[in-house]
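So this one's entry-v9.tsv, TSV, C-alpha atoms:
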```
chain	number	residue	atom	x	y	z
A	99	ARG	CA	26.25	-51.04	119.66
A	100	LYS	CA	27.88	-47.73	118.59
A	101	LEU	CA	31.25	-49.43	118.83
A	102	MET	CA	30.00	-52.27	116.60
A	103	LYS	CA	28.73	-49.78	114.01
A	104	LYS	CA	32.07	-47.98	114.02
A	105	SER	CA	33.89	-51.29	113.52
A	106	ILE	CA	31.62	-52.23	110.60
A	107	VAL	CA	32.12	-48.80	109.01
A	108	ALA	CA	35.90	-49.08	109.44
A	109	VAL	CA	35.93	-52.49	107.77
A	110	LEU	CA	33.80	-51.24	104.87
A	111	VAL	CA	36.01	-48.18	104.40
A	112	GLY	CA	39.09	-50.40	104.51
A	113	MET	CA	37.62	-52.70	101.87
A	114	LEU	CA	36.74	-49.74	99.66
A	115	LEU	CA	40.24	-48.33	100.00
A	116	LEU	CA	41.72	-51.73	99.19
A	117	ASN	CA	39.56	-52.07	96.08
A	118	PHE	CA	40.36	-48.52	95.04
A	119	CYS	CA	44.09	-49.14	95.36
A	120	ALA	CA	43.82	-52.43	93.49
A	121	PHE	CA	41.90	-50.72	90.72
A	122	SER	CA	44.25	-47.76	90.58
A	123	TYR	CA	47.34	-49.94	90.19
A	124	SER	CA	45.97	-52.73	88.02
A	125	MET	CA	47.78	-52.98	84.66
A	126	PRO	CA	46.05	-53.31	81.31
A	127	ASN	CA	46.88	-56.26	79.07
A	128	ASN	CA	49.27	-54.21	76.94
A	129	ALA	CA	51.18	-52.65	79.82
A	130	VAL	CA	54.88	-53.39	80.24
A	131	VAL	CA	57.03	-53.27	83.31
A	132	GLN	CA	58.75	-49.89	83.43
A	133	GLU	CA	62.52	-50.09	83.36
A	134	ASN	CA	65.43	-47.70	83.63
A	135	ILE	CA	66.29	-46.01	80.34
A	136	LEU	CA	69.64	-44.28	79.92
A	137	LEU	CA	69.67	-41.19	77.69
A	138	VAL	CA	73.12	-40.27	76.33
A	139	ASN	CA	73.68	-36.66	75.25
A	140	ASP	CA	76.69	-34.60	74.22
A	141	ALA	CA	76.21	-32.50	77.37
A	142	ALA	CA	74.62	-33.18	80.74
A	143	THR	CA	70.88	-32.50	80.54
A	144	THR	CA	67.82	-33.28	82.58
A	145	ASN	CA	65.05	-35.26	80.91
A	146	ALA	CA	61.95	-36.44	82.72
A	147	GLY	CA	61.53	-40.19	82.63
A	148	TYR	CA	65.15	-41.00	81.72
A	149	GLN	CA	68.47	-41.37	83.44
A	150	THR	CA	70.92	-39.04	81.69
A	151	MET	CA	74.63	-39.24	81.00
A	152	THR	CA	77.18	-37.40	78.87
A	153	VAL	CA	78.74	-39.27	75.99
A	154	ALA	CA	82.10	-39.07	77.79
A	155	GLY	CA	80.58	-40.81	80.79
A	156	PHE	CA	78.92	-43.39	78.53
A	157	ASN	CA	82.25	-44.26	76.91
A	158	ASP	CA	83.58	-45.12	80.38
A	159	ILE	CA	80.50	-46.98	81.61
A	160	THR	CA	80.81	-50.40	83.24
A	161	LEU	CA	78.53	-53.33	82.50
A	162	ALA	CA	77.53	-53.52	86.15
A	163	SER	CA	76.12	-49.99	86.10
A	164	ALA	CA	74.66	-49.96	82.58
A	165	PRO	CA	70.87	-50.27	82.04
A	166	GLN	CA	69.54	-52.72	79.47
A	167	SER	CA	67.84	-49.92	77.51
A	168	VAL	CA	69.88	-47.04	76.08
A	169	ILE	CA	68.96	-44.06	73.88
A	170	VAL	CA	71.88	-42.31	72.21
A	171	GLN	CA	71.12	-38.74	71.11
A	172	SER	CA	74.72	-37.58	70.90
A	173	ASP	CA	76.87	-37.30	67.77
A	174	ILE	CA	77.49	-40.91	66.72
A	175	SER	CA	81.11	-40.13	65.85
A	176	ARG	CA	81.79	-39.49	69.55
A	177	VAL	CA	80.37	-42.83	70.71
A	178	ASP	CA	82.74	-45.71	71.48
A	179	LYS	CA	81.60	-48.66	69.33
A	180	ASP	CA	83.37	-51.15	71.61
A	181	ILE	CA	81.25	-49.99	74.55
A	182	CYS	CA	78.11	-50.43	72.42
A	183	LYS	CA	79.19	-53.95	71.50
A	184	GLN	CA	79.92	-54.84	75.12
A	185	LEU	CA	76.48	-53.61	76.19
A	186	ALA	CA	74.76	-55.47	73.33
A	187	ASP	CA	76.71	-58.63	74.20
A	188	ASN	CA	75.34	-58.23	77.72
A	189	GLY	CA	71.72	-58.08	76.48
A	190	ALA	CA	71.19	-54.33	76.07
A	191	VAL	CA	69.13	-52.75	73.29
A	192	ILE	CA	70.59	-49.44	72.08
A	193	ILE	CA	68.53	-46.95	70.04
A	194	PHE	CA	70.33	-44.20	68.13
A	195	SER	CA	67.61	-41.56	67.83
A	196	ASN	CA	69.40	-39.32	65.29
A	197	ASN	CA	70.91	-41.90	62.95
A	198	THR	CA	69.96	-44.12	60.03
A	199	LEU	CA	70.45	-47.86	59.84
A	200	LYS	CA	73.41	-47.51	57.48
A	201	GLN	CA	75.10	-45.04	59.84
A	202	VAL	CA	74.67	-47.28	62.89
A	203	GLU	CA	75.79	-50.39	61.01
A	204	ALA	CA	78.86	-48.58	59.67
A	205	LYS	CA	79.72	-47.32	63.15
A	206	MET	CA	79.44	-50.76	64.73
A	207	ASN	CA	81.60	-52.26	61.95
A	208	GLY	CA	84.32	-49.63	62.34
A	209	GLN	CA	83.63	-48.11	58.91
A	210	THR	CA	83.24	-44.51	57.81
A	211	VAL	CA	79.80	-43.26	58.84
A	212	PRO	CA	77.94	-42.01	55.71
A	213	ASN	CA	76.34	-38.57	55.65
A	214	GLU	CA	72.59	-39.26	55.65
A	215	GLU	CA	69.40	-37.69	56.99
A	216	ILE	CA	66.95	-39.78	58.98
A	217	GLY	CA	63.44	-40.21	57.61
A	218	GLN	CA	60.65	-37.78	58.36
A	219	TYR	CA	58.82	-40.31	60.56
A	220	THR	CA	61.85	-42.11	62.01
A	221	LEU	CA	62.27	-42.47	65.78
A	222	GLY	CA	65.68	-44.10	65.48
A	223	THR	CA	67.76	-47.17	64.67
A	224	PHE	CA	68.37	-49.95	67.17
A	225	VAL	CA	71.17	-52.47	67.59
A	226	CYS	CA	71.15	-55.57	69.79
A	227	LYS	CA	72.59	-59.08	69.92
A	228	THR	CA	70.59	-62.14	68.86
A	229	ALA	CA	71.44	-65.70	67.91
A	230	TYR	CA	72.37	-64.32	64.47
A	231	GLY	CA	74.87	-61.78	65.81
A	232	TYR	CA	74.43	-58.01	65.92
A	233	GLU	CA	71.07	-57.08	64.45
A	234	TYR	CA	69.82	-53.69	63.35
A	235	GLY	CA	66.40	-52.24	62.75
A	236	GLU	CA	64.54	-49.00	62.24
A	237	ILE	CA	61.68	-47.60	64.33
A	238	ALA	CA	59.18	-45.19	62.79
A	239	TYR	CA	55.75	-43.85	63.67
A	240	ALA	CA	52.51	-43.10	61.85
A	241	HIS	CA	49.40	-41.10	62.73
A	242	ALA	CA	45.90	-42.47	62.18
A	243	GLU	CA	43.90	-40.74	59.47
A	244	GLU	CA	41.33	-39.92	62.17
A	245	SER	CA	43.93	-38.14	64.36
A	246	THR	CA	43.63	-34.51	65.39
A	247	VAL	CA	46.91	-34.51	67.37
A	248	PHE	CA	50.14	-35.03	65.44
A	249	THR	CA	52.94	-34.97	67.99
A	250	LYS	CA	56.04	-37.12	67.61
A	251	PRO	CA	55.86	-39.99	70.13
A	252	GLN	CA	58.56	-40.58	72.71
A	253	ILE	CA	60.77	-43.64	72.97
A	254	THR	CA	59.47	-45.45	76.04
A	255	ALA	CA	59.94	-48.70	77.93
A	256	GLN	CA	57.22	-50.14	75.70
A	257	THR	CA	59.39	-49.36	72.64
A	258	PHE	CA	62.23	-51.44	74.04
A	259	GLU	CA	59.90	-54.21	75.20
A	260	SER	CA	58.39	-54.50	71.72
A	261	ILE	CA	61.84	-54.89	70.17
A	262	ARG	CA	62.69	-57.67	72.61
A	263	ASP	CA	59.37	-59.42	72.08
A	264	ASN	CA	59.58	-59.29	68.29
A	265	LEU	CA	63.15	-60.56	68.22
A	266	GLY	CA	62.49	-63.24	70.83
A	267	LEU	CA	64.96	-61.68	73.26
A	268	SER	CA	62.49	-61.80	76.12
A	269	ASN	CA	63.00	-65.56	76.33
A	270	ASN	CA	66.52	-65.58	74.88
A	271	THR	CA	65.37	-67.20	71.64
A	272	ALA	CA	65.73	-65.41	68.31
A	273	GLN	CA	62.44	-65.01	66.40
A	274	THR	CA	63.14	-67.00	63.24
A	275	ALA	CA	61.11	-67.11	60.09
A	276	ALA	CA	59.50	-70.42	59.21
A	277	ALA	CA	61.56	-70.57	56.03
A	278	ASN	CA	64.82	-70.22	57.93
A	279	SER	CA	66.57	-73.45	56.92
A	280	THR	CA	70.02	-71.86	56.86
A	281	ALA	CA	71.56	-68.70	58.24
A	282	PRO	CA	70.24	-65.76	56.22
A	283	TYR	CA	72.57	-63.72	54.04
A	284	LYS	CA	70.99	-60.52	55.31
A	285	MET	CA	68.19	-59.50	57.68
A	286	TYR	CA	66.17	-56.31	58.04
A	287	ASN	CA	63.84	-55.21	60.86
A	288	PHE	CA	61.35	-52.37	60.69
A	289	ALA	CA	58.80	-51.31	63.32
A	290	VAL	CA	56.10	-48.64	63.07
A	291	ASN	CA	54.41	-47.28	66.19
A	292	LEU	CA	50.74	-46.60	65.38
A	293	THR	CA	49.43	-43.49	67.12
A	294	ARG	CA	45.99	-41.87	67.38
A	295	ASP	CA	45.70	-38.41	68.96
A	296	GLY	CA	49.06	-38.73	70.68
A	297	GLU	CA	48.48	-42.23	72.07
A	298	THR	CA	50.33	-45.29	70.77
A	299	ILE	CA	47.63	-47.89	70.12
A	300	GLY	CA	49.60	-50.55	68.25
A	301	GLN	CA	52.63	-51.46	66.22
A	302	THR	CA	53.57	-53.10	62.95
A	303	TRP	CA	56.69	-55.22	62.67
A	304	CYS	CA	58.43	-56.50	59.56
A	305	ARG	CA	61.36	-58.93	59.69
A	306	GLN	CA	62.78	-59.63	56.24
A	307	TYR	CA	65.17	-62.54	55.66
A	308	VAL	CA	67.31	-62.61	52.49
A	309	TYR	CA	68.86	-65.90	51.33
A	310	LYS	CA	71.48	-66.16	48.60
A	311	ARG	CA	70.63	-69.37	46.76
A	312	ALA	CA	73.04	-69.29	43.80
A	313	LYS	CA	75.48	-67.29	41.70
A	314	TYR	CA	76.10	-68.42	38.13
A	315	MET	CA	77.27	-67.44	34.64
A	316	GLN	CA	74.84	-67.48	31.73
A	317	ASN	CA	75.79	-66.34	28.21
A	318	GLY	CA	78.80	-64.51	29.57
A	319	THR	CA	76.82	-62.59	32.23
A	320	ARG	CA	77.12	-63.14	35.97
A	321	LYS	CA	73.70	-63.64	37.60
A	322	SER	CA	72.32	-64.52	41.01
A	323	MET	CA	69.19	-66.11	42.53
A	324	TRP	CA	67.69	-64.99	45.84
A	325	ASP	CA	64.88	-65.99	48.20
A	326	VAL	CA	63.22	-63.37	50.41
A	327	VAL	CA	60.95	-64.39	53.30
A	328	SER	CA	59.11	-61.76	55.37
A	329	LEU	CA	57.32	-62.13	58.66
A	330	MET	CA	54.88	-59.20	58.79
A	331	ARG	CA	52.97	-58.68	62.04
A	332	VAL	CA	50.38	-56.22	63.39
A	333	THR	CA	50.03	-55.90	67.17
A	334	PRO	CA	47.21	-53.76	68.65
A	335	TYR	CA	47.28	-52.57	72.24
A	336	SER	CA	44.22	-52.97	74.48
A	337	PRO	CA	41.41	-52.01	73.96
A	338	TRP	CA	42.14	-52.03	70.20
A	339	GLY	CA	42.01	-54.99	67.82
A	340	VAL	CA	42.95	-55.62	64.18
A	341	GLU	CA	40.29	-55.59	61.47
A	342	GLU	CA	42.36	-55.47	58.27
A	343	TYR	CA	45.90	-55.04	57.01
A	344	ASP	CA	47.60	-55.06	53.60
A	345	THR	CA	51.13	-56.16	52.78
A	346	ARG	CA	53.56	-55.98	49.87
A	347	MET	CA	56.87	-57.50	48.76
A	348	HIS	CA	58.83	-56.33	45.74
A	349	CYS	CA	62.16	-56.55	43.96
A	350	ASN	CA	61.27	-53.78	41.55
A	351	ALA	CA	64.51	-52.97	39.72
A	352	GLY	CA	65.30	-53.08	36.00
A	353	ASN	CA	67.83	-55.90	36.17
A	354	GLN	CA	65.71	-58.14	38.44
A	355	GLU	CA	62.90	-60.61	37.77
A	356	CYS	CA	60.58	-62.24	40.29
A	357	ILE	CA	60.21	-65.84	39.13
A	358	GLU	CA	58.12	-67.22	42.01
A	359	ASP	CA	55.86	-66.12	44.87
A	360	THR	CA	53.82	-67.82	47.59
A	361	TYR	CA	50.06	-68.18	47.42
A	362	LEU	CA	48.82	-67.95	51.02
A	363	GLU	CA	45.74	-69.96	51.96
A	364	SER	CA	43.23	-68.60	54.49
A	365	ASP	CA	42.42	-69.84	58.01
A	366	GLY	CA	44.60	-72.86	58.64
A	367	THR	CA	48.07	-74.40	58.63
A	368	TYR	CA	49.68	-74.99	55.25
A	369	THR	CA	53.00	-75.62	53.52
A	370	ASN	CA	54.53	-73.45	50.82
A	371	THR	CA	57.38	-74.29	48.49
A	372	LEU	CA	59.81	-72.20	46.48
A	373	ASN	CA	61.17	-74.59	43.85
A	374	ILE	CA	61.37	-72.83	40.48
A	375	GLY	CA	65.03	-72.91	39.52
A	376	ILE	CA	67.24	-72.36	36.50
A	377	THR	CA	66.59	-75.11	33.95
A	378	VAL	CA	68.83	-73.94	31.10
A	379	SER	CA	72.55	-74.70	30.93
A	380	VAL	CA	74.59	-72.41	33.20
A	381	ASP	CA	77.98	-72.43	34.94
A	382	THR	CA	77.30	-72.44	38.67
A	383	ILE	CA	79.73	-70.37	40.73
A	384	GLU	CA	78.22	-71.06	44.14
A	385	GLY	CA	75.02	-72.47	45.59
A	386	ASN	CA	72.37	-74.48	43.77
A	387	VAL	CA	70.39	-73.10	40.81
A	388	GLY	CA	67.75	-75.80	41.39
A	389	TYR	CA	67.33	-75.07	45.11
A	390	SER	CA	63.95	-76.15	46.55
A	391	HIS	CA	62.67	-74.96	49.88
A	392	SER	CA	59.45	-75.65	51.80
A	393	TYR	CA	58.08	-74.09	54.97
A	394	THR	CA	54.94	-74.29	57.08
A	395	TYR	CA	52.80	-71.32	58.11
A	396	ASP	CA	49.62	-70.80	60.13
A	397	ASN	CA	46.95	-68.26	59.06
A	398	ASP	CA	44.42	-68.92	61.80
A	399	SER	CA	41.22	-66.82	61.46
A	400	GLN	CA	42.58	-64.71	58.62
A	401	THR	CA	41.00	-64.31	55.21
A	402	ILE	CA	43.75	-63.59	52.68
A	403	THR	CA	43.37	-62.16	49.20
A	404	ASN	CA	46.43	-62.91	47.05
A	405	HIS	CA	47.20	-60.24	44.46
A	406	LEU	CA	50.04	-61.80	42.49
A	407	PRO	CA	50.22	-60.37	38.96
A	408	TYR	CA	53.15	-61.02	36.66
A	409	GLY	CA	55.98	-58.69	37.59
A	410	ASN	CA	58.09	-57.71	40.55
A	411	VAL	CA	55.39	-56.44	42.95
A	412	LYS	CA	53.33	-58.91	45.00
A	413	GLU	CA	50.58	-58.08	47.52
A	414	TRP	CA	48.52	-59.89	50.15
A	415	TYR	CA	45.38	-58.32	51.68
A	416	VAL	CA	44.25	-59.65	55.06
A	417	GLU	CA	40.91	-59.50	56.87
A	418	VAL	CA	40.70	-60.77	60.46
A	419	ILE	CA	37.54	-62.62	61.54
A	420	PRO	CA	36.56	-62.42	64.32
A	421	TRP	CA	37.87	-59.22	65.91
A	422	ARG	CA	40.00	-59.91	68.98
A	423	GLU	CA	41.19	-57.33	71.46
A	424	ALA	CA	44.99	-56.87	71.75
A	425	HIS	CA	45.66	-59.95	69.59
A	426	SER	CA	48.66	-60.02	67.21
A	427	TRP	CA	48.30	-61.26	63.65
A	428	HIS	CA	50.92	-62.00	61.02
A	429	ILE	CA	51.52	-63.54	57.64
A	430	GLU	CA	54.74	-64.89	56.14
A	431	PRO	CA	54.93	-64.61	52.35
A	432	ALA	CA	58.01	-65.18	50.22
A	433	ILE	CA	59.38	-64.43	46.75
A	434	ARG	CA	62.23	-65.78	44.62
A	435	PHE	CA	63.97	-63.50	42.14
A	436	ILE	CA	66.89	-63.40	39.73
A	437	ASN	CA	69.33	-60.55	39.31
A	438	HIS	CA	70.16	-60.76	35.59
A	439	ASN	CA	73.27	-58.62	35.97
A	440	ASP	CA	75.03	-59.40	39.23
A	441	GLN	CA	77.54	-56.60	38.66
A	442	ASN	CA	74.68	-54.40	39.87
A	443	MET	CA	73.44	-54.72	43.44
A	444	SER	CA	70.38	-56.81	44.25
A	445	GLY	CA	67.52	-55.45	46.32
A	446	ALA	CA	64.19	-56.43	47.87
A	447	TRP	CA	61.69	-54.74	50.16
A	448	SER	CA	58.71	-55.70	52.32
A	449	GLN	CA	56.03	-53.45	53.72
A	450	ILE	CA	52.78	-53.40	55.66
A	451	THR	CA	51.02	-50.78	53.56
A	452	ARG	CA	47.70	-50.31	55.36
A	453	VAL	CA	46.26	-51.10	58.80
A	454	LYS	CA	42.75	-50.73	60.20
A	455	LEU	CA	42.29	-51.05	63.96
A	456	ARG	CA	39.01	-50.86	65.88
A	457	LYS	CA	37.96	-50.61	69.50
A	458	PHE	CA	34.48	-51.18	70.89
A	459	VAL	CA	33.18	-48.86	73.60
A	460	VAL	CA	29.52	-47.96	73.07
A	461	ILE	CA	30.06	-47.98	69.32
A	462	GLY	CA	33.01	-49.05	67.22
A	463	ILE	CA	35.82	-46.51	66.79
A	464	ASP	CA	38.26	-46.97	63.91
A	465	ALA	CA	41.88	-46.00	63.42
A	466	SER	CA	43.14	-46.28	59.82
A	467	PHE	CA	46.81	-46.02	58.84
A	468	ASN	CA	48.18	-45.46	55.35
A	469	LEU	CA	51.77	-46.74	55.33
A	470	ASP	CA	52.12	-46.92	51.55
A	471	SER	CA	55.27	-44.82	51.17
A	472	GLY	CA	59.02	-45.27	51.14
A	473	ASP	CA	59.15	-44.03	54.75
A	474	TYR	CA	57.94	-47.46	55.86
A	475	ASP	CA	59.92	-49.83	53.60
A	476	CYS	CA	61.78	-52.75	55.20
A	477	GLY	CA	64.78	-53.84	53.15
A	478	ASP	CA	67.57	-52.38	51.03
A	479	TRP	CA	70.13	-53.06	48.35
A	480	PHE	CA	72.59	-55.90	48.95
A	481	SER	CA	75.18	-57.74	46.88
```

Would you mind writing the file out in structure tokens?
Amino acid sequence: RKLMKKSIVAVLVGMLLLNFCAFSYSMPNNAVVQENILLVNDAATTNAGYQTMTVAGFNDITLASAPQSVIVQSDISRVDKDICKQLADNGAVIIFSNNTLKQVEAKMNGQTVPNEEIGQYTLGTFVCKTAYGYEYGEIAYAHAEESTVFTKPQITAQTFESIRDNLGLSNNTAQTAAANSTAPYKMYNFAVNLTRDGETIGQTWCRQYVYKRAKYMQNGTRKSMWDVVSLMRVTPYSPWGVEEYDTRMHCNAGNQECIEDTYLESDGTYTNTLNIGITVSVDTIEGNVGYSHSYTYDNDSQTITNHLPYGNVKEWYVEVIPWREAHSWHIEPAIRFINHNDQNMSGAWSQITRVKLRKFVVIGIDASFNLDSGDYDCGDWFS
């Protein structure tokens, strides 16, 4: 009988240990598989959580030994661009933690790297290979208004995984905008890690597509017409969910005029069309001044307020009903604008300007983010 009791106790202890281990190693919904990250420095250093390598060693690296996630902290002028291209061709994502987008793009294109300072809240600039070729994007961070801890977050495996997910690299398919009927003239990517008291609880992602529709002469002046389509997404990490977010697109420059925008309907699948063209007599140089384009979008469970006054700044305010834990939400607005003096550069920007996340424990806890500054603009000047 004593032996039977001991056997029963042993089984119960074993079951408890098994449950404890299962609980201890279970992964939350937002967790990502940890991967090897290579940190490249000017000199050999030790950094917890990363493999490390000197820039000289990196310039001699082989594809067989190279991780798929690389952080470059060294002087960009010392980095071999051909090695970076080979790694990107092989599926790697490379983040330059001390460089701007223009610097990384210039380096990869073999041009002179401009002298620029990275933004106050910038974590770095990434480059990778998609169906469109080499793509670039910026990664920033923002603290919740309710935060009491304001440390700069680290670049982690989750950072790389988010880039791959947003670009569709996880399944080898580029994440295209719905309005992508032709290859875009230019693309911009911008991610913001949302932190509260030192913990990353979500991310915003903006992917702006620029399409050159026409160049033409009118009354002796060279002009151009452009479409800009932006996929703007908010992704909370468990146990957080999205309550509200605000977005903006603008082409706010003296020589530019927004001639059309998209009115987004709430809660459903709809079609939008950009079809306002140039109706007066002009001499077309390239493209089509009467270009019409339609695309379909889905705004499931989102209530959208369209703020579309006359002018070059357009805004869309979004409320999510009902709240869903760890669920991503996005909208996809568009604008069409004219550059009335094409000797000057054209430019357009997109931005998620405000985010409100909430988690429910005993009571609701909010995390509010004000992203309404130039530090979080997606886009640039182009010609």

Do you know which residues are at most 10 Å from Glu430 in chain A counting all atoms listed in the file, after dropping those on the same chain fewer than 3 positions away, and could you put them as a compact mmCIF listing (two decimals) with C-alpha atoms, in the frame of the given file?
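around_6.txt, freshly written:
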```txt
# COMPACT_ATOMS: atom_id res chain seq x y z
CA ALA A 275 61.11 -67.11 60.09
CA ALA A 276 59.50 -70.42 59.21
CA ALA A 277 61.56 -70.57 56.03
CA CYS A 304 58.43 -56.50 59.56
CA ARG A 305 61.36 -58.93 59.69
CA GLN A 306 62.78 -59.63 56.24
CA VAL A 327 60.95 -64.39 53.30
CA SER A 328 59.11 -61.76 55.37
CA LEU A 329 57.32 -62.13 58.66
CA MET A 330 54.88 -59.20 58.79
CA ARG A 331 52.97 -58.68 62.04
CA THR A 360 53.82 -67.82 47.59
CA LEU A 362 48.82 -67.95 51.02
CA TYR A 393 58.08 -74.09 54.97
CA THR A 394 54.94 -74.29 57.08
CA TYR A 395 52.80 -71.32 58.11
CA ASP A 396 49.62 -70.80 60.13
CA ASN A 397 46.95 -68.26 59.06
CA TRP A 414 48.52 -59.89 50.15
```

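Every protein, DNA or RNA residue with an atom at most 12 Å from Thr160 in chain A, where all atoms listed in the file count and chain neighbours fewer than 3 positions away do not, is listed here: A:Gly155, A:Phe156, A:Asn157, A:Ser163, A:Ala164, A:Pro165, A:Asp180, A:Ile181, A:Cys182, A:Gln184, A:Leu185, A:Asn188.
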
Thr198 in chain A surroundings by all atoms listed in the file, 9 Å radius, close-in-sequence under 3 positions cut, as a PyMOL selection string
chain A and resi 194-195+201-203+214-217+220+222-223+236

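In this model, the gap between CA of Thr257 in chain A and CA of Phe224 in chain A comes to 10.5 Å.
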
Just checking: using all atoms listed in the file, which residue out of A:Glu358, A:Asp325, A:Asp365, A:Glu259 ends up closest to Ile135 in chain A?
A:Glu259

How many Å separate CA of Pro407 in chain A from CA of Gly477 in chain A?
21.4 Å

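With only C-alpha atoms as the atoms that count, the residue of A:Arg456, A:Lys412, A:Arg176, A:Lys321 with the shortest distance to His425 in chain A is A:Arg456.
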
I want to know what sits within 10 Å of range 372-375 of chain A, based on all atoms listed in the file, with residues of the same chain fewer than 2 positions away left out; could you give that as a short mmCIF file (atom, residue, chain, number, x, y, z; two decimals) with C-alpha atoms, in the coordinates of the input?
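Here's the written file around.cif:
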```
data_model
loop_
_atom_site.label_atom_id
_atom_site.label_comp_id
_atom_site.auth_asym_id
_atom_site.auth_seq_id
_atom_site.Cartn_x
_atom_site.Cartn_y
_atom_site.Cartn_z
CA ALA A 277 61.56 -70.57 56.03
CA ARG A 311 70.63 -69.37 46.76
CA ALA A 312 73.04 -69.29 43.80
CA MET A 323 69.19 -66.11 42.53
CA ASP A 325 64.88 -65.99 48.20
CA ILE A 357 60.21 -65.84 39.13
CA GLU A 358 58.12 -67.22 42.01
CA ASP A 359 55.86 -66.12 44.87
CA THR A 360 53.82 -67.82 47.59
CA ASN A 370 54.53 -73.45 50.82
CA THR A 377 66.59 -75.11 33.95
CA VAL A 378 68.83 -73.94 31.10
CA ASN A 386 72.37 -74.48 43.77
CA VAL A 387 70.39 -73.10 40.81
CA GLY A 388 67.75 -75.80 41.39
CA TYR A 389 67.33 -75.07 45.11
CA SER A 390 63.95 -76.15 46.55
CA HIS A 391 62.67 -74.96 49.88
CA SER A 392 59.45 -75.65 51.80
CA TYR A 393 58.08 -74.09 54.97
CA ALA A 432 58.01 -65.18 50.22
CA ILE A 433 59.38 -64.43 46.75
CA ARG A 434 62.23 -65.78 44.62
CA PHE A 435 63.97 -63.50 42.14
CA ILE A 436 66.89 -63.40 39.73
#
```

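Between Asn439 in chain A and the candidates A:Val460, A:Glu363, A:Thr382, A:Lys313, the tightest atom-to-atom separation, counting all atoms listed in the file, involves A:Lys313.
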
Between A:Val225, A:Ala424, A:Met443, A:Ile419, smallest distance to Gly352 in chain A by all atoms listed in the file belongs to A:Met443

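Distances from A:Lys183, A:Phe467, A:Leu406, A:Gly235 to Lys200 in chain A were compared using only C-alpha atoms, and the smallest one belongs to A:Gly235.
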
Quick one: residues within 12 Å of Glu341 in chain A, all atoms listed in the file, excluding same-chain residues fewer than 6 positions away - as a PyMOL selection string?
chain A and resi 332-334+399-401+415-427+452-458+462-467

By how many Å are CA of Ile193 in chain A and CA of Gln449 in chain A apart?
21.6 Å

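In this comparison, which uses all atoms listed in the file, the residue of A:Thr369, A:Gln256, A:Asn291, A:Ser268 approaching Ala190 in chain A most closely is A:Ser268.
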